[in-house]
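Enquirer: My structure is below; once you've seen it, I'll send some questions.
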Amino acid sequence: MKTLREVKVGQTAVVSKLHGEGAVRRRIMDMGITKGVEIFVRKVAPLGDPIEVNLRGYELSIRKADAEMIEVQ
């Protein structure tokens, strides 16, 4: 199992599964992160949090804790 947090800068990954429950899962899905979406990791902050990604034609910054809930392939 590989998570979005483990994807290196400049790589693209496809979402295979979302973990988490209730409001947290709903918030991730509201940001456009759903199964089958391609996510390009644009950059990571110097201390590793947040991670800046491109998906569905827009840029998004996501916390490491949330990135760990997104399983990719």
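Starting from 1 in every chain, residues are counted up; chains themselves are A, B, ... following the order of the structure tokens, and ligands are numbered from 1 as listed.
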Would you list the contacts of Gly32 of chain A as JSON, numbers by chain, taking every protein, DNA or RNA residue within 9 Å and counting only C-alpha atoms, but skipping same-chain residues closer than 3 positions in sequence?

Expert: {"A": [28, 29, 37, 55, 56]}

Enquirer: Take the residues just selected and output them with N, CA and C atoms as a PDB file, in the first residue's frame.

Expert:
ATOM      1  N   ILE A  28     -12.010  15.377   2.079  1.00  0.00           N
ATOM      2  CA  ILE A  28     -11.066  14.955   1.037  1.00  0.00           C
ATOM      3  C   ILE A  28     -11.802  14.801  -0.301  1.00  0.00           C
ATOM      4  N   MET A  29     -12.969  14.194  -0.271  1.00  0.00           N
ATOM      5  CA  MET A  29     -13.740  14.012  -1.500  1.00  0.00           C
ATOM      6  C   MET A  29     -14.230  15.352  -2.048  1.00  0.00           C
ATOM      7  N   VAL A  37      -8.673   9.408  -9.856  1.00  0.00           N
ATOM      8  CA  VAL A  37      -8.158  10.731 -10.215  1.00  0.00           C
ATOM      9  C   VAL A  37      -6.636  10.695 -10.251  1.00  0.00           C
ATOM     10  N   LEU A  55      -4.453  18.521  -9.557  1.00  0.00           N
ATOM     11  CA  LEU A  55      -5.435  17.537  -9.953  1.00  0.00           C
ATOM     12  C   LEU A  55      -6.638  18.232 -10.538  1.00  0.00           C
ATOM     13  N   ARG A  56      -7.270  17.598 -11.509  1.00  0.00           N
ATOM     14  CA  ARG A  56      -8.465  18.137 -12.155  1.00  0.00           C
ATOM     15  C   ARG A  56      -8.297  19.581 -12.619  1.00  0.00           C
TER      16      ARG A  56
END

Enquirer: Which residues in chain A does DSSP call strand (DSSP E or B)? List them as a list of chain:residue names.

Expert: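 Filtering chain A to strand (DSSP E or B) leaves A:Lys2, A:Thr3, A:Thr12, A:Ala13, A:Val14, A:Val15, A:Ser16, A:Lys17, A:Leu18, A:Glu38, A:Ile39, A:Phe40, A:Val41, A:Arg42, A:Lys43, A:Val44, A:Ile51, A:Glu52, A:Val53, A:Asn54, A:Leu55, A:Tyr58, A:Glu59, A:Leu60, A:Ser61, A:Ile62, A:Ile70, A:Glu71, A:Val72.
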
Enquirer: Quick one: DSSP alpha helix (DSSP H) residues in chain A, as a list in words?

Expert: Gly22, Ala23, Val24, Arg25, Arg26, Arg27, Ile28, Met29, Asp30, Lys64, Ala65, Asp66 and Ala67 of chain A

Enquirer: Do a neighbour search on Lys17 of chain A at 8 Å with only C-alpha atoms, toss out local chain neighbours closer than 3 positions, and write the hits as an MDAnalysis selection string.

Expert: chainID A and resid 34:35 70:72

Enquirer: Work out how far atom CA of Leu47 of chain A is from atom CA of Arg26 of chain A, in Å to one decimal.

Expert: 26.7 Å

Enquirer: Point out the residue among A:Lys64, A:Lys8, A:Arg25, A:Lys2 with the least atom-to-atom distance to Gly48 of chain A, counting only C-alpha atoms.

Expert: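 Using only C-alpha atoms, the shortest distance to Gly48 of chain A belongs to A:Lys64.
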
Enquirer: Quote the spacing between atom CA of Thr12 of chain A and atom CA of Leu60 of chain A in Å to one decimal place.

Expert: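 Atom CA of Leu60 of chain A lies at a distance of 14.3 Å from atom CA of Thr12 of chain A.
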
Enquirer: So, counting only C-alpha atoms, which residue among A:Val14, A:Ala23, A:Val41, A:Leu4 is closest to Asn54 of chain A?

Expert: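 Looking at the shortest contact to Asn54 of chain A, the residue is A:Val41.
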
Enquirer: Please indicate the distance in Å from atom CA of Gly57 of chain A to atom CA of Met1 of chain A, rounded to one decimal place.

Expert: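 So the answer is 26.1 Å.
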